[in-house]
Amino acid sequence: MWWIDIDDAVRIYARMLRARLGPRRGAKAALEKADYLRAKRDWSGVEAWEAVAAELTHPTEGLGDGRP
């Protein structure tokens, strides 16, 4: 069975936000979500959404396994 880890989830959400909103607005939306979760004291959610914003501003090169 195939499991999605946090790094895969970050890339998936970053690709979705980039496609729907573009990299700048997508990063802003991710940071807004992180701020919302910070107010709820969901620290793992904050970390995840800040990673999505970072992926949008500084994308990694591919997935490292040959997939685009």
# chains A, B, ... in the order shown; residues from 1 in each chain; ligands from 1
>>> residues_around(residues="Arg15 in chain A", least_positions_apart="5", cutoff="10 Å", atoms="only C-alpha atoms", output="list in words")
Ala9, Val10, Arg20, Leu21, Gly22, Pro23, Gly26, Val52, Glu55, Leu56 and Pro59 of chain A
>>> closest_residue(among="A:Leu31, A:Arg25, A:Ile12, A:Arg38", to="Glu50 in chain A", atoms="only C-alpha atoms")
A:Leu31
>>> atom_distance(atom1="CA of Met16 in chain A", atom2="CA of Arg41 in chain A")
25.3 Å
>>> closest_residue(among="A:Val46, A:Asp7, A:Tyr13, A:Ala54", to="Ala27 in chain A", atoms="only C-alpha atoms")
A:Ala54
>>> atom_distance(atom1="CA of Glu47 in chain A", atom2="CA of Thr60 in chain A")
17.2 Å
>>> select_by_dssp(residues="chain A", states="alpha helix (DSSP H)", output="PDB file with N, CA and C atoms, in the first residue's frame")
ATOM      1  N   ILE A   6       4.303  13.669   4.829  1.00  0.00           N
ATOM      2  CA  ILE A   6       4.097  15.115   4.925  1.00  0.00           C
ATOM      3  C   ILE A   6       4.753  15.855   3.758  1.00  0.00           C
ATOM      4  N   ASP A   7       5.915  15.375   3.301  1.00  0.00           N
ATOM      5  CA  ASP A   7       6.589  16.034   2.176  1.00  0.00           C
ATOM      6  C   ASP A   7       5.773  15.908   0.896  1.00  0.00           C
ATOM      7  N   ASP A   8       5.179  14.738   0.675  1.00  0.00           N
ATOM      8  CA  ASP A   8       4.311  14.560  -0.493  1.00  0.00           C
ATOM      9  C   ASP A   8       3.090  15.468  -0.396  1.00  0.00           C
ATOM     10  N   ALA A   9       2.492  15.537   0.791  1.00  0.00           N
ATOM     11  CA  ALA A   9       1.308  16.379   0.980  1.00  0.00           C
ATOM     12  C   ALA A   9       1.635  17.849   0.732  1.00  0.00           C
ATOM     13  N   VAL A  10       2.795  18.289   1.189  1.00  0.00           N
ATOM     14  CA  VAL A  10       3.214  19.680   0.955  1.00  0.00           C
ATOM     15  C   VAL A  10       3.305  19.946  -0.541  1.00  0.00           C
ATOM     16  N   ARG A  11       3.940  19.035  -1.271  1.00  0.00           N
ATOM     17  CA  ARG A  11       4.072  19.229  -2.726  1.00  0.00           C
ATOM     18  C   ARG A  11       2.717  19.201  -3.430  1.00  0.00           C
ATOM     19  N   ILE A  12       1.831  18.308  -2.988  1.00  0.00           N
ATOM     20  CA  ILE A  12       0.499  18.210  -3.606  1.00  0.00           C
ATOM     21  C   ILE A  12      -0.277  19.509  -3.403  1.00  0.00           C
ATOM     22  N   TYR A  13      -0.312  20.009  -2.173  1.00  0.00           N
ATOM     23  CA  TYR A  13      -1.040  21.248  -1.906  1.00  0.00           C
ATOM     24  C   TYR A  13      -0.383  22.439  -2.596  1.00  0.00           C
ATOM     25  N   ALA A  14       0.937  22.460  -2.655  1.00  0.00           N
ATOM     26  CA  ALA A  14       1.620  23.556  -3.344  1.00  0.00           C
ATOM     27  C   ALA A  14       1.282  23.551  -4.833  1.00  0.00           C
ATOM     28  N   ARG A  15       1.268  22.378  -5.445  1.00  0.00           N
ATOM     29  CA  ARG A  15       0.919  22.297  -6.873  1.00  0.00           C
ATOM     30  C   ARG A  15      -0.519  22.742  -7.109  1.00  0.00           C
ATOM     31  N   MET A  16      -1.436  22.349  -6.210  1.00  0.00           N
ATOM     32  CA  MET A  16      -2.832  22.740  -6.359  1.00  0.00           C
ATOM     33  C   MET A  16      -2.989  24.247  -6.223  1.00  0.00           C
ATOM     34  N   LEU A  17      -2.355  24.832  -5.206  1.00  0.00           N
ATOM     35  CA  LEU A  17      -2.476  26.281  -5.023  1.00  0.00           C
ATOM     36  C   LEU A  17      -1.811  27.047  -6.167  1.00  0.00           C
ATOM     37  N   ARG A  18      -0.680  26.545  -6.658  1.00  0.00           N
ATOM     38  CA  ARG A  18      -0.007  27.199  -7.788  1.00  0.00           C
ATOM     39  C   ARG A  18      -0.908  27.178  -9.023  1.00  0.00           C
ATOM     40  N   ALA A  19      -1.584  26.067  -9.253  1.00  0.00           N
ATOM     41  CA  ALA A  19      -2.463  25.945 -10.415  1.00  0.00           C
ATOM     42  C   ALA A  19      -3.701  26.828 -10.281  1.00  0.00           C
ATOM     43  N   ARG A  20      -4.274  26.905  -9.088  1.00  0.00           N
ATOM     44  CA  ARG A  20      -5.515  27.656  -8.894  1.00  0.00           C
ATOM     45  C   ARG A  20      -5.301  29.147  -8.708  1.00  0.00           C
ATOM     46  N   LEU A  21      -4.230  29.512  -7.974  1.00  0.00           N
ATOM     47  CA  LEU A  21      -4.063  30.913  -7.586  1.00  0.00           C
ATOM     48  C   LEU A  21      -2.778  31.556  -8.107  1.00  0.00           C
ATOM     49  N   PRO A  23       1.684  31.333  -7.912  1.00  0.00           N
ATOM     50  CA  PRO A  23       2.614  31.137  -6.795  1.00  0.00           C
ATOM     51  C   PRO A  23       2.509  32.199  -5.700  1.00  0.00           C
ATOM     52  N   ARG A  24       2.317  33.459  -6.055  1.00  0.00           N
ATOM     53  CA  ARG A  24       2.276  34.509  -5.030  1.00  0.00           C
ATOM     54  C   ARG A  24       0.999  34.461  -4.210  1.00  0.00           C
ATOM     55  N   ARG A  25      -0.154  34.393  -4.895  1.00  0.00           N
ATOM     56  CA  ARG A  25      -1.423  34.327  -4.157  1.00  0.00           C
ATOM     57  C   ARG A  25      -1.571  33.003  -3.422  1.00  0.00           C
ATOM     58  N   GLY A  26      -1.021  31.921  -4.000  1.00  0.00           N
ATOM     59  CA  GLY A  26      -1.058  30.627  -3.326  1.00  0.00           C
ATOM     60  C   GLY A  26      -0.262  30.646  -2.041  1.00  0.00           C
ATOM     61  N   ALA A  27       0.927  31.255  -2.082  1.00  0.00           N
ATOM     62  CA  ALA A  27       1.753  31.365  -0.876  1.00  0.00           C
ATOM     63  C   ALA A  27       1.044  32.214   0.179  1.00  0.00           C
ATOM     64  N   LYS A  28       0.393  33.279  -0.259  1.00  0.00           N
ATOM     65  CA  LYS A  28      -0.342  34.133   0.678  1.00  0.00           C
ATOM     66  C   LYS A  28      -1.489  33.355   1.315  1.00  0.00           C
ATOM     67  N   ALA A  29      -2.203  32.561   0.527  1.00  0.00           N
ATOM     68  CA  ALA A  29      -3.305  31.758   1.063  1.00  0.00           C
ATOM     69  C   ALA A  29      -2.786  30.730   2.068  1.00  0.00           C
ATOM     70  N   ALA A  30      -1.644  30.121   1.775  1.00  0.00           N
ATOM     71  CA  ALA A  30      -1.062  29.132   2.692  1.00  0.00           C
ATOM     72  C   ALA A  30      -0.653  29.793   4.005  1.00  0.00           C
ATOM     73  N   LEU A  31      -0.069  30.990   3.926  1.00  0.00           N
ATOM     74  CA  LEU A  31       0.329  31.690   5.149  1.00  0.00           C
ATOM     75  C   LEU A  31      -0.889  32.153   5.955  1.00  0.00           C
ATOM     76  N   GLU A  32      -1.966  32.517   5.271  1.00  0.00           N
ATOM     77  CA  GLU A  32      -3.199  32.877   5.974  1.00  0.00           C
ATOM     78  C   GLU A  32      -3.766  31.668   6.715  1.00  0.00           C
ATOM     79  N   LYS A  33      -3.702  30.494   6.070  1.00  0.00           N
ATOM     80  CA  LYS A  33      -4.150  29.266   6.726  1.00  0.00           C
ATOM     81  C   LYS A  33      -3.267  28.965   7.944  1.00  0.00           C
ATOM     82  N   ALA A  34      -1.968  29.179   7.809  1.00  0.00           N
ATOM     83  CA  ALA A  34      -1.050  28.969   8.933  1.00  0.00           C
ATOM     84  C   ALA A  34      -1.384  29.920  10.080  1.00  0.00           C
ATOM     85  N   ASP A  35      -1.691  31.165   9.772  1.00  0.00           N
ATOM     86  CA  ASP A  35      -2.067  32.128  10.819  1.00  0.00           C
ATOM     87  C   ASP A  35      -3.343  31.701  11.537  1.00  0.00           C
ATOM     88  N   TYR A  36      -4.318  31.201  10.771  1.00  0.00           N
ATOM     89  CA  TYR A  36      -5.560  30.715  11.364  1.00  0.00           C
ATOM     90  C   TYR A  36      -5.270  29.559  12.321  1.00  0.00           C
ATOM     91  N   LEU A  37      -4.434  28.628  11.875  1.00  0.00           N
ATOM     92  CA  LEU A  37      -4.108  27.476  12.712  1.00  0.00           C
ATOM     93  C   LEU A  37      -3.260  27.873  13.917  1.00  0.00           C
ATOM     94  N   ARG A  38      -2.433  28.901  13.755  1.00  0.00           N
ATOM     95  CA  ARG A  38      -1.642  29.403  14.895  1.00  0.00           C
ATOM     96  C   ARG A  38      -2.578  29.921  15.991  1.00  0.00           C
ATOM     97  N   ALA A  39      -3.634  30.620  15.580  1.00  0.00           N
ATOM     98  CA  ALA A  39      -4.602  31.124  16.553  1.00  0.00           C
ATOM     99  C   ALA A  39      -5.305  29.974  17.274  1.00  0.00           C
ATOM    100  N   TRP A  43       0.078  23.575  16.153  1.00  0.00           N
ATOM    101  CA  TRP A  43       1.454  23.840  15.730  1.00  0.00           C
ATOM    102  C   TRP A  43       1.898  22.957  14.570  1.00  0.00           C
ATOM    103  N   SER A  44       1.434  21.722  14.512  1.00  0.00           N
ATOM    104  CA  SER A  44       1.815  20.872  13.379  1.00  0.00           C
ATOM    105  C   SER A  44       1.161  21.367  12.090  1.00  0.00           C
ATOM    106  N   GLY A  45      -0.057  21.900  12.193  1.00  0.00           N
ATOM    107  CA  GLY A  45      -0.716  22.484  11.027  1.00  0.00           C
ATOM    108  C   GLY A  45      -0.003  23.739  10.550  1.00  0.00           C
ATOM    109  N   VAL A  46       0.451  24.556  11.499  1.00  0.00           N
ATOM    110  CA  VAL A  46       1.215  25.759  11.150  1.00  0.00           C
ATOM    111  C   VAL A  46       2.473  25.376  10.392  1.00  0.00           C
ATOM    112  N   GLU A  47       3.190  24.380  10.914  1.00  0.00           N
ATOM    113  CA  GLU A  47       4.426  23.932  10.276  1.00  0.00           C
ATOM    114  C   GLU A  47       4.164  23.420   8.856  1.00  0.00           C
ATOM    115  N   ALA A  48       3.087  22.663   8.688  1.00  0.00           N
ATOM    116  CA  ALA A  48       2.764  22.109   7.372  1.00  0.00           C
ATOM    117  C   ALA A  48       2.423  23.206   6.366  1.00  0.00           C
ATOM    118  N   TRP A  49       1.574  24.152   6.757  1.00  0.00           N
ATOM    119  CA  TRP A  49       1.174  25.195   5.820  1.00  0.00           C
ATOM    120  C   TRP A  49       2.295  26.188   5.541  1.00  0.00           C
ATOM    121  N   GLU A  50       3.181  26.407   6.509  1.00  0.00           N
ATOM    122  CA  GLU A  50       4.343  27.239   6.224  1.00  0.00           C
ATOM    123  C   GLU A  50       5.279  26.534   5.250  1.00  0.00           C
ATOM    124  N   ALA A  51       5.335  25.211   5.321  1.00  0.00           N
ATOM    125  CA  ALA A  51       6.126  24.447   4.350  1.00  0.00           C
ATOM    126  C   ALA A  51       5.511  24.550   2.960  1.00  0.00           C
ATOM    127  N   VAL A  52       4.184  24.564   2.864  1.00  0.00           N
ATOM    128  CA  VAL A  52       3.521  24.746   1.572  1.00  0.00           C
ATOM    129  C   VAL A  52       3.879  26.118   0.999  1.00  0.00           C
ATOM    130  N   ALA A  53       3.820  27.155   1.826  1.00  0.00           N
ATOM    131  CA  ALA A  53       4.181  28.502   1.359  1.00  0.00           C
ATOM    132  C   ALA A  53       5.636  28.553   0.917  1.00  0.00           C
ATOM    133  N   ALA A  54       6.519  27.895   1.655  1.00  0.00           N
ATOM    134  CA  ALA A  54       7.933  27.868   1.278  1.00  0.00           C
ATOM    135  C   ALA A  54       8.125  27.137  -0.044  1.00  0.00           C
ATOM    136  N   GLU A  55       7.382  26.066  -0.251  1.00  0.00           N
ATOM    137  CA  GLU A  55       7.464  25.317  -1.517  1.00  0.00           C
ATOM    138  C   GLU A  55       7.020  26.197  -2.683  1.00  0.00           C
ATOM    139  N   LEU A  56       6.045  27.054  -2.454  1.00  0.00           N
ATOM    140  CA  LEU A  56       5.570  27.937  -3.521  1.00  0.00           C
ATOM    141  C   LEU A  56       6.575  29.048  -3.825  1.00  0.00           C
ATOM    142  N   THR A  57       7.284  29.514  -2.817  1.00  0.00           N
ATOM    143  CA  THR A  57       8.246  30.592  -3.055  1.00  0.00           C
ATOM    144  C   THR A  57       9.606  30.066  -3.498  1.00  0.00           C
TER     145      THR A  57
END
>>> decode(residues="range 9-28 of chain A", atoms="C-alpha atoms", output="PDB file, in the first residue's frame")
ATOM      1  CA  ALA A   9       1.308  16.379   0.980  1.00  0.00           C
ATOM      2  CA  VAL A  10       3.214  19.680   0.955  1.00  0.00           C
ATOM      3  CA  ARG A  11       4.072  19.229  -2.726  1.00  0.00           C
ATOM      4  CA  ILE A  12       0.499  18.210  -3.606  1.00  0.00           C
ATOM      5  CA  TYR A  13      -1.040  21.248  -1.906  1.00  0.00           C
ATOM      6  CA  ALA A  14       1.620  23.556  -3.344  1.00  0.00           C
ATOM      7  CA  ARG A  15       0.919  22.297  -6.873  1.00  0.00           C
ATOM      8  CA  MET A  16      -2.832  22.740  -6.359  1.00  0.00           C
ATOM      9  CA  LEU A  17      -2.476  26.281  -5.023  1.00  0.00           C
ATOM     10  CA  ARG A  18      -0.007  27.199  -7.788  1.00  0.00           C
ATOM     11  CA  ALA A  19      -2.463  25.945 -10.415  1.00  0.00           C
ATOM     12  CA  ARG A  20      -5.515  27.656  -8.894  1.00  0.00           C
ATOM     13  CA  LEU A  21      -4.063  30.913  -7.586  1.00  0.00           C
ATOM     14  CA  GLY A  22      -0.529  31.279  -8.916  1.00  0.00           C
ATOM     15  CA  PRO A  23       2.614  31.137  -6.795  1.00  0.00           C
ATOM     16  CA  ARG A  24       2.276  34.509  -5.030  1.00  0.00           C
ATOM     17  CA  ARG A  25      -1.423  34.327  -4.157  1.00  0.00           C
ATOM     18  CA  GLY A  26      -1.058  30.627  -3.326  1.00  0.00           C
ATOM     19  CA  ALA A  27       1.753  31.365  -0.876  1.00  0.00           C
ATOM     20  CA  LYS A  28      -0.342  34.133   0.678  1.00  0.00           C
TER      21      LYS A  28
END
